[in-house]
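To start, the structure under review is shown below, and the notes come after it.
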Amino acid sequence: MNGQGEMRRASMLQLIMAGTLCVAVNIYISYTGYISYYLTNVIGFGVVMAGSFVTMFRIWDAFTDVGMGILVDRTNTKWGKFRPYMAIGGIGAFIISNIMIYVPPHIPEGNVRKYIFILIYMLFVLFTTMQASGLRAAAQVMTEDPKQRVTYGMINGIFLTILYSAIPILVFSYIMPLTRGFNLEFFKKLLLITSTVSLVCTILSIIAFSGKDMKKTEKDGLKKDKFNFKDAILLLKSNRPLQLLVLSAGTDKLATVLQGNATVVVIMYAIVAGNSRLSSAANSYTMIPSILMILLGLGAVGRKFGAKRSLWFSSWGGILVGVLSIALWIFGNPSTLSFPGYEGFHGWTFFTIGYLILWCIMKGLNLVATNSLNPMLADVIDYEYYCSGKYCPGTIGAVFNLADKIISSIGPTVVAILCAMIGFSKELPSVDTAYSGSLFAIGLLGMYGLSLVGLIVNVISLKFYDLTPERMAEVRKGIAERKVEE
């Protein structure tokens with residue numbers, strides 16, 4: 001609220017345009033989900049090294065997030081805190097991502113090629129970190145209205161549903177048939193779409209931020225605290241609601257990363273079910289129902305009862321659906337999975353119908369859980385300001401990302417190590433790999449097992465999370481009173 005007690009709000013168009021930042025950031029994350037194949041098939045890394053590479057650089061990415069968050073909170077220009085970095089990051093990521101794919105193949109095979117790729121990738125991570133600087137703080141920057149914050153989370157969820165449904169369709173139904181594998185041509189074609197969409201969405205989000213992300217003055221109640229890495233870690237140590245959100249987000253992100261992991265997708269659809277294109281078919285069939293689930297979970301439950309209740313509802317529902325899904329794959333017949341218009345379709349089967357229903361509900365519930373965290377993090381930013389008088393959206397968002405990325409970064413390494421343990425030490429499983437029970441177990445763990453772990457962590461964390469709608473009303477009242485006094 002401002003000094004006159006008026007609640008700061010955003011228009012629906014501003015919320016929608018701000019939500020495109022999640023597309024700009026996550027489409028690069030989706031792209032790097034295939035990067036293990038680029039490392040093994042083009043650059044020349046071994047399987048375990050490729051998986052470890054992805055993990056190490058997600059951790060590097062996490063620490064650059066903290067540095068960026070601290071830098072953002074020390075920034076106070078006429079263009080605001082976030083927009084300068086979002087602009088530089090968006091343009092830089094577009095340029096460096098293309099250099100990363102096009103340049104290394106022209107360097108002779110060997111360590112020099114690997115070292116140059118690593119240096120380029122480090123730059124890519126820095127620019128995407130700058131681009132994403134406003135992502136976690138967007139709900140707090142855009143509005144103080146708790147219902148609008150939930151609406152922003154709902155918009156994010158819808159965008160991510162469309163994005164993560166469209167990518168497998170694009171990859172397995174259009175690009176893979178042309179390139180016949182995860183080769184250099186595959187990565188060039190996918191990058192053209194990825195980098196262009198990301199840049200356009202970044203521009204749209206910057207426009208949305210323009211009326212909200214403005215220079216702060218002492219009159220606005222801004223304290224000019226100088227944060228450093230030690231302060232950031234102390235912030236995580238002292239802010240209990242932030243700790244609980246970090247734990248929930250990290251385990252949820254680990255599950256999301258693995259469900260979209262290219263190796264897990266290949267194992268479950270190409271090797272176990274028998275057709276890699278089934279992944280794109282499943283996503284096309286479940287996209288609209290998943291969006292409806294988000295509208296129900298965040299649009300109905302979240303707006304009326306708060307994001308915390310939405311997270312509780314979606315976590316318990318996800319646990320039930322996850323257990324049923326594992327049982328279906330174990331006791332059902334995955335080879336009968338088929339869809340109209342795809343090779344091998346001879347009518348609807350019990351497994352196909354059961355899989356579609358469960359996968360649709362699970363995707364919707366997972367997205368409700370993930371995007372409930374955005375409005376909850378906005379509350380945490382307000383809560384810290386209320387408790388300490390420090391307005392630090394950049395640092396809180398960065399600390400959130402730090403733990404989130406460290407936890408979720410282990411996914412690619414886990415998959416790579418498990419594959420190496422059963423004989424895939426030089427190359428990852430492909431669409432031509434024969435079925436085995438060991439591969440099936442790895443696929444189930446990636447698709448459902450770790451998702452269940454994340455949802456159980458959510459349920460436990462929520463028992464101790466006390467920023468209810470009633471508590472946040474007190475927090476916002478306290479902030480407004482402090483500004484009047486100052």
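Residue numbers start at 1 in each chain; chains themselves are named A, B, ... in the order of the structure tokens; ligands are numbered from 1 in the order shown.
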Exercise for the section: Show which residues sit within 12 Å of Tyr164 of chain A, as number ranges by chain. Count only C-alpha atoms, and ignore same-chain residues fewer than 5 positions away. Expected result: A: 22-23, 26-31, 33, 156-159, 169-171, 256-257, 259-261, 279-280, 282-284, 286-287, 290-291, 363-364, 367
Exercise for the section: Apply DSSP to the structure's backbone, then extract all residues of segment 179-392 of chain A labelled alpha helix (DSSP H) and return them as an MDAnalysis selection string. Expected result: chainID A and resid 179 184:209 229:238 240:259 262:265 278:294 303:305 307:331 350:388
Find the residues near segment 342-358 of chain A: any atom within 12 Å, counting only C-alpha atoms, skip ones fewer than 5 places away on the same chain, and give them as a short mmCIF file (atom, residue, chain, number, x, y, z; two decimals) with C-alpha atoms, in the first residue's frame.
data_model
loop_
_atom_site.label_atom_id
_atom_site.label_comp_id
_atom_site.auth_asym_id
_atom_site.auth_seq_id
_atom_site.Cartn_x
_atom_site.Cartn_y
_atom_site.Cartn_z
CA SER A 173 6.74 -34.56 -34.28
CA ALA A 273 5.78 -47.63 -25.05
CA GLY A 274 7.44 -48.08 -28.46
CA ASN A 275 6.99 -44.69 -30.19
CA SER A 276 8.84 -41.44 -29.36
CA ARG A 277 6.09 -39.36 -30.97
CA LEU A 278 3.66 -40.46 -28.26
CA SER A 279 5.23 -37.82 -26.01
CA SER A 280 4.07 -35.00 -28.28
CA ALA A 281 0.66 -36.65 -28.69
CA ALA A 282 0.20 -36.93 -24.94
CA ASN A 283 1.10 -33.29 -24.42
CA SER A 284 -1.25 -32.09 -27.16
CA TYR A 285 -4.15 -34.06 -25.65
CA THR A 286 -3.53 -32.87 -22.10
CA MET A 287 -2.73 -29.19 -22.67
CA PRO A 289 -7.38 -29.99 -19.53
CA SER A 290 -4.21 -28.98 -17.67
CA GLY A 317 -3.97 -34.64 -5.19
CA GLY A 318 -0.62 -35.08 -6.93
CA ILE A 319 0.49 -37.74 -4.43
CA LEU A 320 -2.63 -39.82 -5.08
CA VAL A 321 -2.38 -39.48 -8.87
CA GLY A 322 1.35 -40.23 -8.86
CA VAL A 323 0.85 -43.53 -7.02
CA LEU A 324 -1.95 -44.54 -9.41
CA SER A 325 0.20 -43.63 -12.42
CA ILE A 326 3.11 -45.82 -11.30
CA ALA A 327 0.67 -48.70 -10.74
CA LEU A 328 -0.77 -48.21 -14.25
CA TRP A 329 2.65 -48.41 -15.93
CA ILE A 330 3.69 -51.47 -13.88
CA PHE A 331 0.49 -53.50 -14.08
CA GLY A 332 -0.90 -52.15 -17.36
CA ASN A 333 0.36 -52.68 -20.91
CA PRO A 334 2.34 -49.59 -22.05
CA SER A 335 2.80 -51.05 -25.53
CA THR A 336 -0.91 -50.39 -26.17
CA LEU A 337 -0.45 -46.63 -25.67
CA LYS A 363 0.37 -32.14 -14.95
CA GLY A 364 -2.36 -29.76 -13.89
CA LEU A 365 -1.79 -30.37 -10.18
CA ASN A 366 2.01 -30.05 -10.53
CA TYR A 448 6.92 -40.04 -11.25
#
Exercise for the section: Give me the residues within 9 Å of Thr251 of chain A as a ChimeraX atom specification, counting only C-alpha atoms and dropping any in the same chain fewer than 3 places off. Expected result: /A:246-248,254-256,404,407-408,450-451,453-455,457-458
Could you give me, as a Markdown table, a per-residue list for segment 69-181 of chain A showing, wherever an atom lies at most 12 Å from an atom of segment 459-472 of chain A, the closest pair of atoms and their distance in Å to one decimal, using only C-alpha atoms and sorting by chain then residue number from low to high?
| residue | atom | partner | partner_atom | distance |
| --- | --- | --- | --- | --- |
| A:Glu144 | CA | A:Met472 | CA | 10.5 |
| A:Asp145 | CA | A:Met472 | CA | 10.6 |
| A:Pro146 | CA | A:Pro469 | CA | 7.9 |
| A:Lys147 | CA | A:Pro469 | CA | 10.0 |
| A:Arg149 | CA | A:Pro469 | CA | 11.9 |
| A:Val150 | CA | A:Pro469 | CA | 11.6 |
Using C-alpha atoms, can you export the residues from the last selection as a PDB file, in the first residue's frame?
ATOM      1  CA  GLU A 144      -0.046  -5.638  -3.702  1.00  0.00           C
ATOM      2  CA  ASP A 145      -3.465  -7.219  -4.222  1.00  0.00           C
ATOM      3  CA  PRO A 146      -3.307 -10.857  -2.972  1.00  0.00           C
ATOM      4  CA  LYS A 147      -5.917 -11.964  -5.515  1.00  0.00           C
ATOM      5  CA  ARG A 149      -0.808 -12.136  -7.129  1.00  0.00           C
ATOM      6  CA  VAL A 150      -2.634 -15.450  -7.380  1.00  0.00           C
TER       7      VAL A 150
END
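Excluding segment 203-211 of chain A itself and any same-chain residue fewer than 4 positions from it, the protein and nucleic acid residues within 7 Å of it, counting only C-alpha atoms, are Gln14, Met17, Ala18, Gly19, Thr20, Leu21, Arg83 and Leu199 of chain A.
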Next, write the just-selected residues to a file, as a PDB file, in the first residue's frame, keeping C-alpha atoms as the atom set.
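Written output follows (part-v6.pdb):
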ATOM      1  CA  GLN A  14       0.160  -5.855 -17.484  1.00  0.00           C
ATOM      2  CA  MET A  17       2.730  -9.298 -20.351  1.00  0.00           C
ATOM      3  CA  ALA A  18       4.738  -9.650 -17.123  1.00  0.00           C
ATOM      4  CA  GLY A  19       3.949 -13.365 -17.207  1.00  0.00           C
ATOM      5  CA  THR A  20       5.753 -13.760 -20.531  1.00  0.00           C
ATOM      6  CA  LEU A  21       9.031 -13.469 -18.600  1.00  0.00           C
ATOM      7  CA  ARG A  83      14.568  -3.665 -16.414  1.00  0.00           C
ATOM      8  CA  LEU A 199      13.832 -12.413 -26.857  1.00  0.00           C
TER       9      LEU A 199
END
Exercise for the section: Name the residues in contact with His106 of chain A at a cut-off of 12 Å, using only C-alpha atoms, excluding same-chain residues fewer than 4 positions from it; report them as a list in words. Expected result: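 In the requested form, the answer reads Val42, Ile43, Ile99, Met100, Ile101, Tyr102, Gly110, Val112, Arg113, Lys114, Ile116, Phe117 and Leu184 of chain A.
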